[in-house]
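Coordinates as given in structure.pdb (PDB, C-alpha atoms):
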ATOM      1  CA  MET R 248     -34.652  16.866  34.476
ATOM      2  CA  ALA R 249     -31.984  16.862  37.145
ATOM      3  CA  ARG R 250     -32.480  13.123  37.549
ATOM      4  CA  ASP R 251     -31.976  12.579  33.814
ATOM      5  CA  MET R 252     -28.737  14.531  33.815
ATOM      6  CA  ALA R 253     -27.292  12.995  36.954
ATOM      7  CA  PRO R 254     -26.272   9.605  35.490
ATOM      8  CA  ASP R 255     -24.349  11.337  32.691
ATOM      9  CA  MET R 256     -22.305  13.591  34.934
ATOM     10  CA  PRO R 257     -19.810  10.953  36.138
ATOM     11  CA  ARG R 258     -19.139   9.972  32.531
ATOM     12  CA  ASP R 259     -18.572  13.602  31.466
ATOM     13  CA  VAL R 260     -15.900  14.239  34.064
ATOM     14  CA  PRO R 261     -13.432  11.612  32.776
ATOM     15  CA  ARG R 262     -13.994  12.865  29.243
ATOM     16  CA  ARG R 263     -13.083  16.380  30.243
ATOM     17  CA  ARG R 264     -10.019  15.096  32.048
ATOM     18  CA  LEU R 265      -8.957  13.105  29.016
ATOM     19  CA  ARG R 266      -9.388  16.124  26.778
ATOM     20  CA  GLY R 267      -7.372  18.196  29.193
ATOM     21  CA  ARG R 268      -4.573  15.649  29.216
ATOM     22  CA  GLY R 269      -4.604  15.437  25.425
ATOM     23  CA  GLY R 270      -4.463  19.210  25.137
ATOM     24  CA  ALA R 271      -1.489  19.402  27.504
ATOM     25  CA  SER R 272       0.395  16.710  25.593
ATOM     26  CA  ASP R 273      -0.424  18.381  22.286
ATOM     27  CA  GLY R 274       0.776  21.706  23.662
ATOM     28  CA  PHE R 275       4.033  20.154  24.822
ATOM     29  CA  ALA R 276       4.522  18.481  21.453
ATOM     30  CA  ARG R 277       3.980  21.815  19.681
ATOM     31  CA  LEU R 278       6.431  23.510  22.062
ATOM     32  CA  VAL R 279       9.094  20.921  21.327
ATOM     33  CA  ALA R 280       8.427  21.106  17.590
ATOM     34  CA  HIS R 281       8.825  24.896  17.504
ATOM     35  CA  THR R 282      11.870  25.077  19.783
ATOM     36  CA  ASP R 283      15.257  25.428  18.166
ATOM     37  CA  PRO R 284      17.185  22.086  18.248
ATOM     38  CA  VAL R 285      20.223  23.823  19.723
ATOM     39  CA  ALA R 286      18.104  25.086  22.620
ATOM     40  CA  LEU R 287      16.653  21.613  23.248
ATOM     41  CA  VAL R 288      20.118  20.089  23.372
ATOM     42  CA  GLY R 289      21.318  22.874  25.657
ATOM     43  CA  ILE R 290      18.419  22.422  28.095
ATOM     44  CA  THR R 291      18.929  18.651  28.175
ATOM     45  CA  LEU R 292      22.645  19.015  28.832
ATOM     46  CA  SER R 293      22.026  21.633  31.539
ATOM     47  CA  ILE R 294      19.576  19.399  33.399
ATOM     48  CA  SER R 295      21.916  16.422  33.042
ATOM     49  CA  LEU R 296      24.865  18.457  34.325
ATOM     50  CA  SER R 297      22.864  19.645  37.335
ATOM     51  CA  VAL R 298      21.846  16.084  38.219
ATOM     52  CA  ILE R 299      25.373  14.698  37.773
ATOM     53  CA  LEU R 300      26.916  17.438  39.941
ATOM     54  CA  ASP R 301      24.374  16.763  42.655
ATOM     55  CA  LEU R 302      24.692  12.950  42.577
ATOM     56  CA  THR R 303      28.500  12.928  42.519
ATOM     57  CA  ASN R 304      28.731  15.554  45.279
ATOM     58  CA  ALA R 305      30.995  17.564  42.985
ATOM     59  CA  ALA R 306      28.960  20.594  43.991
ATOM     60  CA  SER R 307      26.402  21.431  46.627
ATOM     61  CA  GLY R 308      22.711  21.200  45.871
ATOM     62  CA  VAL R 309      22.408  24.948  45.464
ATOM     63  CA  GLU R 310      25.456  25.097  43.189
ATOM     64  CA  SER R 311      24.123  22.224  41.062
ATOM     65  CA  LEU R 312      20.785  23.976  40.754
ATOM     66  CA  LEU R 313      22.421  27.276  39.810
ATOM     67  CA  ALA R 314      24.592  25.566  37.192
ATOM     68  CA  GLY R 315      21.540  23.931  35.646
ATOM     69  CA  LEU R 316      19.531  27.166  35.685
ATOM     70  CA  MET R 317      22.422  29.054  34.109
ATOM     71  CA  GLY R 318      22.693  26.517  31.285
ATOM     72  CA  ILE R 319      18.917  26.578  30.712
ATOM     73  CA  THR R 320      18.956  30.399  30.647
ATOM     74  CA  ILE R 321      21.711  30.452  28.043
ATOM     75  CA  SER R 322      19.872  27.820  25.961
ATOM     76  CA  LEU R 323      16.624  29.804  26.077
ATOM     77  CA  LEU R 324      18.523  32.956  25.109
ATOM     78  CA  VAL R 325      19.957  31.170  22.073
ATOM     79  CA  ASP R 326      16.458  29.964  21.172
ATOM     80  CA  SER R 327      15.113  33.507  21.511
ATOM     81  CA  LEU R 328      17.825  34.867  19.213
ATOM     82  CA  ALA R 329      17.131  32.135  16.647
ATOM     83  CA  ARG R 330      13.397  32.904  16.727
ATOM     84  CA  ALA R 331      14.079  36.628  16.324
ATOM     85  CA  GLU R 332      16.322  35.946  13.328
ATOM     86  CA  ARG R 333      13.654  33.779  11.692
ATOM     87  CA  ARG R 334      10.987  36.432  12.266
ATOM     88  CA  PHE R 335      13.265  39.115  10.808
ATOM     89  CA  HIS R 336      13.977  36.929   7.777
ATOM     90  CA  LEU R 337      10.240  36.305   7.297
ATOM     91  CA  ARG R 338       9.448  40.025   7.537
ATOM     92  CA  THR R 339      12.161  40.716   4.975
ATOM     93  CA  LEU R 340      10.653  38.163   2.573
ATOM     94  CA  LEU R 341       7.188  39.647   3.012
ATOM     95  CA  ASP R 342       8.428  43.185   2.414
ATOM     96  CA  GLY R 343       7.216  43.151  -1.184
ATOM     97  CA  PRO R 344       4.107  43.719  -3.313
ATOM     98  CA  PRO R 345       0.855  44.016  -1.330
ATOM     99  CA  TRP R 346      -0.683  40.969  -3.041
ATOM    100  CA  LEU R 347       2.250  38.853  -1.809
ATOM    101  CA  VAL R 348       1.998  40.104   1.779
ATOM    102  CA  HIS R 349      -1.753  39.567   1.963
ATOM    103  CA  THR R 350      -1.862  36.069   0.511
ATOM    104  CA  THR R 351       1.306  34.380   1.800
ATOM    105  CA  THR R 352      -0.044  33.669   5.284
ATOM    106  CA  GLU R 353      -3.357  32.491   3.819
ATOM    107  CA  LEU R 354      -1.545  30.132   1.450
ATOM    108  CA  ALA R 355       0.649  28.721   4.197
ATOM    109  CA  GLY R 356      -2.351  28.292   6.486
ATOM    110  CA  ALA R 357      -4.398  26.484   3.842
ATOM    111  CA  MET R 358      -1.550  24.091   3.021
ATOM    112  CA  ARG R 359      -0.904  23.372   6.692
ATOM    113  CA  GLU R 360      -4.586  22.721   7.347
ATOM    114  CA  ALA R 361      -4.812  20.372   4.361
ATOM    115  CA  ALA R 362      -1.751  18.435   5.553
ATOM    116  CA  GLU R 363      -2.771  18.223   9.230
ATOM    117  CA  GLN R 364      -6.558  17.899   9.045
ATOM    118  CA  HIS R 365      -6.455  15.312   6.264
ATOM    119  CA  ALA R 366      -3.193  13.529   7.115
ATOM    120  CA  GLY R 367      -2.815  10.119   5.500
ATOM    121  CA  THR R 368      -5.371  10.814   2.761
ATOM    122  CA  ARG R 369      -5.101  11.654  -0.925
ATOM    123  CA  VAL R 370      -5.914  15.257  -0.051
ATOM    124  CA  ALA R 371      -2.718  15.634   1.998
ATOM    125  CA  ALA R 372      -0.643  13.951  -0.712
ATOM    126  CA  GLU R 373      -2.137  16.201  -3.399
ATOM    127  CA  ALA R 374      -1.511  19.279  -1.259
ATOM    128  CA  GLN R 375       2.165  18.355  -1.023
ATOM    129  CA  ARG R 376       2.370  17.671  -4.774
ATOM    130  CA  ARG R 377       0.745  20.989  -5.690
ATOM    131  CA  TYR R 378       2.917  22.896  -3.249
ATOM    132  CA  GLU R 379       6.043  21.297  -4.729
ATOM    133  CA  GLN R 380       4.865  22.212  -8.235
ATOM    134  CA  PHE R 381       4.204  25.770  -7.073
ATOM    135  CA  ARG R 382       7.699  25.927  -5.579
ATOM    136  CA  LEU R 383       9.308  24.830  -8.847
ATOM    137  CA  GLU R 384       7.290  27.352 -10.859
ATOM    138  CA  ALA R 385       8.169  30.110  -8.383
ATOM    139  CA  GLU R 386      11.864  29.290  -8.766
ATOM    140  CA  GLN R 387      11.515  29.533 -12.561
ATOM    141  CA  LEU R 388       9.817  32.910 -12.223
ATOM    142  CA  ALA R 389      12.612  34.066  -9.908
ATOM    143  CA  GLN R 390      15.048  33.244 -12.716
ATOM    144  CA  GLY R 391      13.005  35.337 -15.157
ATOM    145  CA  ARG R 392      11.399  32.437 -17.033
ATOM    146  CA  ILE R 393       7.802  31.458 -17.806
ATOM    147  CA  ILE R 394       7.314  27.883 -19.017
ATOM    148  CA  ARG R 395       3.959  26.898 -20.539
ATOM    149  CA  ARG R 396       2.471  24.077 -22.560
ATOM    150  CA  GLY R 397       2.966  24.020 -26.313
ATOM    151  CA  ASP R 398      -0.614  25.057 -27.028
ATOM    152  CA  GLU R 399      -0.423  28.228 -24.912
ATOM    153  CA  ASP R 400       0.626  31.292 -26.905
ATOM    154  CA  GLU R 401      -0.062  34.263 -24.612
ATOM    155  CA  ASP R 402       3.639  35.025 -24.121
ATOM    156  CA  LEU R 403       4.573  34.735 -27.790
ATOM    157  CA  VAL R 404       1.655  36.858 -28.990
ATOM    158  CA  GLY R 405       1.653  39.213 -25.992
ATOM    159  CA  ALA R 406       5.353  40.060 -26.269
ATOM    160  CA  THR R 407       4.954  40.690 -30.005
ATOM    161  CA  ARG R 408       2.097  43.095 -29.307
ATOM    162  CA  GLY R 409       4.302  44.912 -26.797
ATOM    163  CA  CYS R 410       7.393  45.030 -29.031
ATOM    164  CA  VAL R 411       8.649  48.558 -29.673
ATOM    165  CA  HIS R 412      11.711  48.539 -31.924
ATOM    166  CA  ARG R 413      12.921  45.169 -33.163
ATOM    167  CA  LEU R 414      11.773  41.573 -33.524
ATOM    168  CA  ASP R 415      14.240  38.843 -34.549
ATOM    169  CA  ALA R 416      12.953  35.322 -35.220
ATOM    170  CA  LEU R 417      14.231  31.948 -36.384
ATOM    171  CA  THR R 418      11.745  29.398 -37.738
ATOM    172  CA  ASN R 419      12.625  25.827 -38.668
ATOM    173  CA  VAL R 420      10.533  24.342 -41.465
ATOM    174  CA  MET R 421      11.310  20.628 -41.470
ATOM    175  CA  PRO R 422       9.327  17.609 -42.691
ATOM    176  CA  ARG R 423       7.181  16.235 -39.882
ATOM    177  CA  VAL R 424       4.044  14.243 -39.264
ATOM    178  CA  SER R 425       1.680  17.217 -39.341
ATOM    179  CA  GLY R 426       3.227  18.939 -42.360
ATOM    180  CA  GLU R 427       5.965  21.537 -42.742
ATOM    181  CA  LEU R 428       3.918  24.747 -42.382
ATOM    182  CA  SER R 429       1.044  23.492 -40.233
ATOM    183  CA  TRP R 430       1.976  25.806 -37.338
ATOM    184  CA  TRP R 431       1.565  28.939 -39.457
ATOM    185  CA  ARG R 432      -1.874  27.683 -40.557
ATOM    186  CA  SER R 433      -2.959  26.973 -36.977
ATOM    187  CA  GLU R 434      -4.940  29.355 -34.781
ATOM    188  CA  ILE R 435      -1.788  30.197 -32.814
ATOM    189  CA  GLY R 436       0.172  30.875 -36.002
ATOM    190  CA  ARG R 437      -2.572  33.168 -37.345
ATOM    191  CA  ARG R 438      -2.724  35.169 -34.113
ATOM    192  CA  TYR R 439       1.062  35.472 -34.100
ATOM    193  CA  TRP R 440       1.144  36.736 -37.688
ATOM    194  CA  GLU R 441      -1.617  39.239 -36.930
ATOM    195  CA  ALA R 442       0.533  40.543 -34.057
ATOM    196  CA  ASN R 443       3.463  40.737 -36.508
ATOM    197  CA  LEU R 444       1.392  42.826 -38.918
ATOM    198  CA  ALA R 445       0.369  45.202 -36.137
ATOM    199  CA  ALA R 446       4.006  45.524 -35.065
ATOM    200  CA  LEU R 447       5.068  46.365 -38.630
ATOM    201  CA  GLN R 448       2.444  49.097 -38.743
ATOM    202  CA  ARG R 449       3.929  50.535 -35.519
ATOM    203  CA  GLY R 450       7.342  50.716 -37.174
ATOM    204  CA  VAL R 451       8.889  47.602 -35.599
ATOM    205  CA  ARG R 452      11.704  46.097 -37.702
ATOM    206  CA  ILE R 453      11.065  42.368 -38.142
ATOM    207  CA  THR R 454      13.822  40.039 -39.315
ATOM    208  CA  ARG R 455      12.921  36.366 -39.732
ATOM    209  CA  VAL R 456      15.013  33.462 -40.997
ATOM    210  CA  PHE R 457      13.390  30.285 -42.297
ATOM    211  CA  VAL R 458      15.561  27.165 -42.052
ATOM    212  CA  TYR R 459      14.283  24.622 -44.583
ATOM    213  CA  ALA R 460      15.043  21.175 -45.920
ATOM    214  CA  THR R 461      13.106  21.644 -49.179
ATOM    215  CA  LEU R 462      12.055  24.972 -50.692
ATOM    216  CA  THR R 463       8.469  24.115 -51.528
ATOM    217  CA  ASP R 464       5.965  26.329 -53.332
ATOM    218  CA  GLU R 465       4.041  26.746 -50.070
ATOM    219  CA  LEU R 466       7.150  27.955 -48.225
ATOM    220  CA  SER R 467       8.055  30.317 -51.086
ATOM    221  CA  ALA R 468       4.537  31.787 -50.990
ATOM    222  CA  LEU R 469       4.762  32.288 -47.197
ATOM    223  CA  VAL R 470       8.133  34.038 -47.542
ATOM    224  CA  GLN R 471       6.830  36.325 -50.297
ATOM    225  CA  ARG R 472       3.731  37.185 -48.264
ATOM    226  CA  GLN R 473       5.797  38.174 -45.229
ATOM    227  CA  ARG R 474       8.222  40.172 -47.343
ATOM    228  CA  ALA R 475       5.337  41.992 -48.988
ATOM    229  CA  ALA R 476       4.030  42.909 -45.520
ATOM    230  CA  GLY R 477       7.351  44.608 -44.722
ATOM    231  CA  ALA R 478       9.314  41.939 -42.850
ATOM    232  CA  ARG R 479      12.925  41.194 -43.763
ATOM    233  CA  VAL R 480      12.890  37.450 -44.457
ATOM    234  CA  GLY R 481      15.889  35.242 -45.172
ATOM    235  CA  LEU R 482      16.255  31.616 -46.218
ATOM    236  CA  LEU R 483      18.778  29.199 -44.753
ATOM    237  CA  PRO R 484      19.135  25.673 -46.183
ATOM    238  CA  PHE R 485      19.444  22.845 -43.683
ATOM    239  CA  GLY R 486      23.044  21.788 -43.083
ATOM    240  CA  VAL R 487      24.675  25.214 -43.471
ATOM    241  CA  VAL R 488      24.933  25.814 -39.721
ATOM    242  CA  SER R 489      25.330  23.406 -36.827
ATOM    243  CA  PRO R 490      22.165  21.399 -36.013
ATOM    244  CA  GLN R 491      22.478  22.629 -32.415
ATOM    245  CA  LEU R 492      21.532  26.111 -33.634
ATOM    246  CA  LEU R 493      18.326  25.022 -35.316
ATOM    247  CA  VAL R 494      15.791  26.136 -32.737
ATOM    248  CA  ASN R 495      12.540  28.054 -33.052
ATOM    249  CA  LEU R 496      13.088  31.389 -31.324
ATOM    250  CA  THR R 497      12.020  35.013 -31.105
ATOM    251  CA  VAL R 498      13.879  37.912 -29.484
ATOM    252  CA  TRP R 499      12.065  41.188 -28.740
ATOM    253  CA  ASP R 500      13.979  44.472 -28.455
ATOM    254  CA  GLY R 501      17.030  42.571 -27.198
ATOM    255  CA  SER R 502      15.406  42.320 -23.758
ATOM    256  CA  SER R 503      13.139  39.254 -23.820
ATOM    257  CA  CYS R 504      12.999  36.016 -25.767
ATOM    258  CA  TRP R 505      10.916  32.958 -26.563
ATOM    259  CA  GLU R 506      12.055  29.432 -27.377
ATOM    260  CA  ALA R 507      10.031  26.404 -28.449
ATOM    261  CA  ARG R 508      10.966  22.982 -27.142
ATOM    262  CA  MET R 509      10.011  20.373 -29.688
ATOM    263  CA  THR R 510       8.659  16.843 -29.384
ATOM    264  CA  ALA R 511       9.968  13.858 -31.342
ATOM    265  CA  HIS R 512       7.283  14.512 -33.996
ATOM    266  CA  GLY R 513       8.321  18.118 -34.538
ATOM    267  CA  GLU R 514       5.460  19.614 -32.524
ATOM    268  CA  ILE R 515       5.925  22.360 -29.945
ATOM    269  CA  GLY R 516       5.656  20.571 -26.605
ATOM    270  CA  GLU R 517       6.655  23.462 -24.372
ATOM    271  CA  ASN R 518       7.083  27.240 -24.615
ATOM    272  CA  GLN R 519       9.666  29.180 -22.647
ATOM    273  CA  PHE R 520       9.460  32.959 -22.376
ATOM    274  CA  SER R 521      12.381  34.600 -20.607
ATOM    275  CA  VAL R 522      13.805  37.953 -19.578
ATOM    276  CA  ASN R 523      16.868  36.244 -18.139
ATOM    277  CA  ARG R 524      19.935  37.918 -19.640
ATOM    278  CA  THR R 525      21.706  34.594 -20.144
ATOM    279  CA  ASP R 526      18.788  33.243 -22.202
ATOM    280  CA  VAL R 527      18.443  36.457 -24.225
ATOM    281  CA  GLU R 528      22.164  36.587 -25.030
ATOM    282  CA  ARG R 529      22.268  32.878 -25.951
ATOM    283  CA  LEU R 530      19.360  33.101 -28.371
ATOM    284  CA  THR R 531      20.685  36.375 -29.782
ATOM    285  CA  ARG R 532      23.985  34.656 -30.603
ATOM    286  CA  VAL R 533      22.093  31.772 -32.261
ATOM    287  CA  PHE R 534      20.084  34.219 -34.369
ATOM    288  CA  ASP R 535      23.169  36.226 -35.369
ATOM    289  CA  VAL R 536      24.932  33.105 -36.653
ATOM    290  CA  CYS R 537      21.875  32.054 -38.678
ATOM    291  CA  VAL R 538      21.103  35.518 -40.049
ATOM    292  CA  ASN R 539      24.708  35.920 -41.254
ATOM    293  CA  ALA R 540      24.465  32.594 -43.112
ATOM    294  CA  ALA R 541      21.002  33.193 -44.582
ATOM    295  CA  THR R 542      20.138  34.613 -48.006
ATOM    296  CA  PHE R 543      18.051  37.819 -48.164
ATOM    297  CA  GLN R 544      16.545  39.802 -51.045
ATOM    298  CA  ASP R 545      17.790  43.216 -49.917
TER     299      ASP R 545
END

Show this structure as structure tokens.
Amino acid sequence: MARDMAPDMPRDVPRRRLRGRGGASDGFARLVAHTDPVALVGITLSISLSVILDLTNAASGVESLLAGLMGITISLLVDSLARAERRFHLRTLLDGPPWLVHTTTELAGAMREAAEQHAGTRVAAEAQRRYEQFRLEAEQLAQGRIIRRGDEDEDLVGATRGCVHRLDALTNVMPRVSGELSWWRSEIGRRYWEANLAALQRGVRITRVFVYATLTDELSALVQRQRAAGARVGLLPFGVVSPQLLVNLTVWDGSSCWEARMTAHGEIGENQFSVNRTDVERLTRVFDVCVNAATFQD
């Protein structure tokens, strides 16, 4: 057995040496990558100054060495302060909900592993794309906005179910490929109206304005049905107000709002729910202009 292992031993030694050299170079590369650029420049300048002083005899060897060591010490002190500031900033960011503290390091570690372990592959590229998408969505959430696809209605229906006092809405009924009132006949429209009925039973005051191009029998029947349920419904002919105000919107209790972003065919392509005060005030002003110009049966 010893004889069988002997021929392999000389080959194993160089391998271990190579691994050791690779580990040292990797460690140095990591050290350089994590050192503050100001500190790296300071250390380089300190070493250069020490060498120049020694070569030009402008100072003795001991003085040149002391000057270099002093510059390196100052550079390392600056690097230490920069690291401490970054750690303090990171602790401040993580001083939040427990779910954020527990998962942030795991998320960062998973993204880093995907980028480093699978560098140059589609996995690394997809990791970067998903992280960028997550960053954009996080920025939207920080601004108080939730943006979803047009076929997702959880914010519209959920906010209506949670409404306490007042619901103001503006609905545009215009000719389009799928028909004027197709949204109200859809599954989303039915769930939304059911949430409206439940809100009316809770005592919520609902005011809705329909902007229309043609007052069809179907639209008249929808208006009468909503009025009979207890909603205050007004009609606004197209062209009375500026076209810029003709948006599909809902405002709940003056504190949150929803706006539909339409496609070229009149379909809802994107939903935006917001608690941002700027968005709520903007849509409230749009609704006030339309409700003042609409006709009600009060």

- Item | Test item: the PyMOL selection byres ((chain R and resi 392) around 12) resolved as JSON, numbers by chain | {"R": [383, 384, 385, 386, 387, 388, 389, 390, 391, 393, 394, 395, 402, 503, 504, 505, 506, 518, 519, 520, 521, 522, 523, 524, 525, 526, 527]}

Output as CSV one row per residue of segment 360-449 of chain R within 10 Å of segment 496-499 of chain R: the closest atom pair and its distance in Å to one decimal place, counting all atoms listed in the file, sorted by chain and residue number ascending.
residue,atom,partner,partner_atom,distance
R:Leu403,CA,R:Thr497,CA,8.2
R:Ala406,CA,R:Trp499,CA,7.2
R:Thr407,CA,R:Trp499,CA,7.2
R:Gly409,CA,R:Trp499,CA,8.8
R:Cys410,CA,R:Trp499,CA,6.1
R:Val411,CA,R:Trp499,CA,8.2
R:His412,CA,R:Trp499,CA,8.0
R:Arg413,CA,R:Trp499,CA,6.0
R:Leu414,CA,R:Trp499,CA,4.8
R:Asp415,CA,R:Val498,CA,5.2
R:Ala416,CA,R:Thr497,CA,4.2
R:Leu417,CA,R:Leu496,CA,5.2
R:Thr418,CA,R:Leu496,CA,6.8
R:Asn419,CA,R:Leu496,CA,9.2

- Query: Quick one: of R:Thr531, R:Gln375, R:Thr463, R:Leu287, who's nearest to Asp326 of chain R, counting only C-alpha atoms?
  - Reply: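 That would be R:Leu287, the residue with the smallest distance to Asp326 of chain R.
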
- Task: Report the residues retrieved by the PyMOL selection byres ((chain R and resi 481) around 6) from the displayed file, expressed as a count of residues only.
- Result: 6

- Task: Might you pull out every residue within 8 Å of Gly477 of chain R, with all atoms listed in the file counted and same-chain residues fewer than 4 positions away left off, and present them as JSON, numbers by chain?
- Result: {"R": [447, 453, 473]}

- Message: Going by the chain IDs and residue numbers used in this file, which residues fall under the PyMOL selection byres ((chain R and resi 488) around 10)? Write them as a ChimeraX atom specification.
- Response: /R:458,483-487,489-493,533,536-537,540-541

- Residues at most 10 Å from segment 353-364 of chain R, counting only C-alpha atoms, excluding those fewer than 4 positions away in the same chain, as a VMD selection string? chain R and resid 348 to 349 368 to 375 377 to 378

Keeping C-alpha atoms, export the residues of the selection given above as a CSV table (one decimal), in the coordinates of the input.
chain,number,residue,atom,x,y,z
R,348,VAL,CA,2.0,40.1,1.8
R,349,HIS,CA,-1.8,39.6,2.0
R,368,THR,CA,-5.4,10.8,2.8
R,369,ARG,CA,-5.1,11.7,-0.9
R,370,VAL,CA,-5.9,15.3,-0.1
R,371,ALA,CA,-2.7,15.6,2.0
R,372,ALA,CA,-0.6,14.0,-0.7
R,373,GLU,CA,-2.1,16.2,-3.4
R,374,ALA,CA,-1.5,19.3,-1.3
R,375,GLN,CA,2.2,18.4,-1.0
R,377,ARG,CA,0.7,21.0,-5.7
R,378,TYR,CA,2.9,22.9,-3.2

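Atom pair atom CA of Thr454 of chain R / atom CA of Gln544 of chain R: separated by 12.0 Å.
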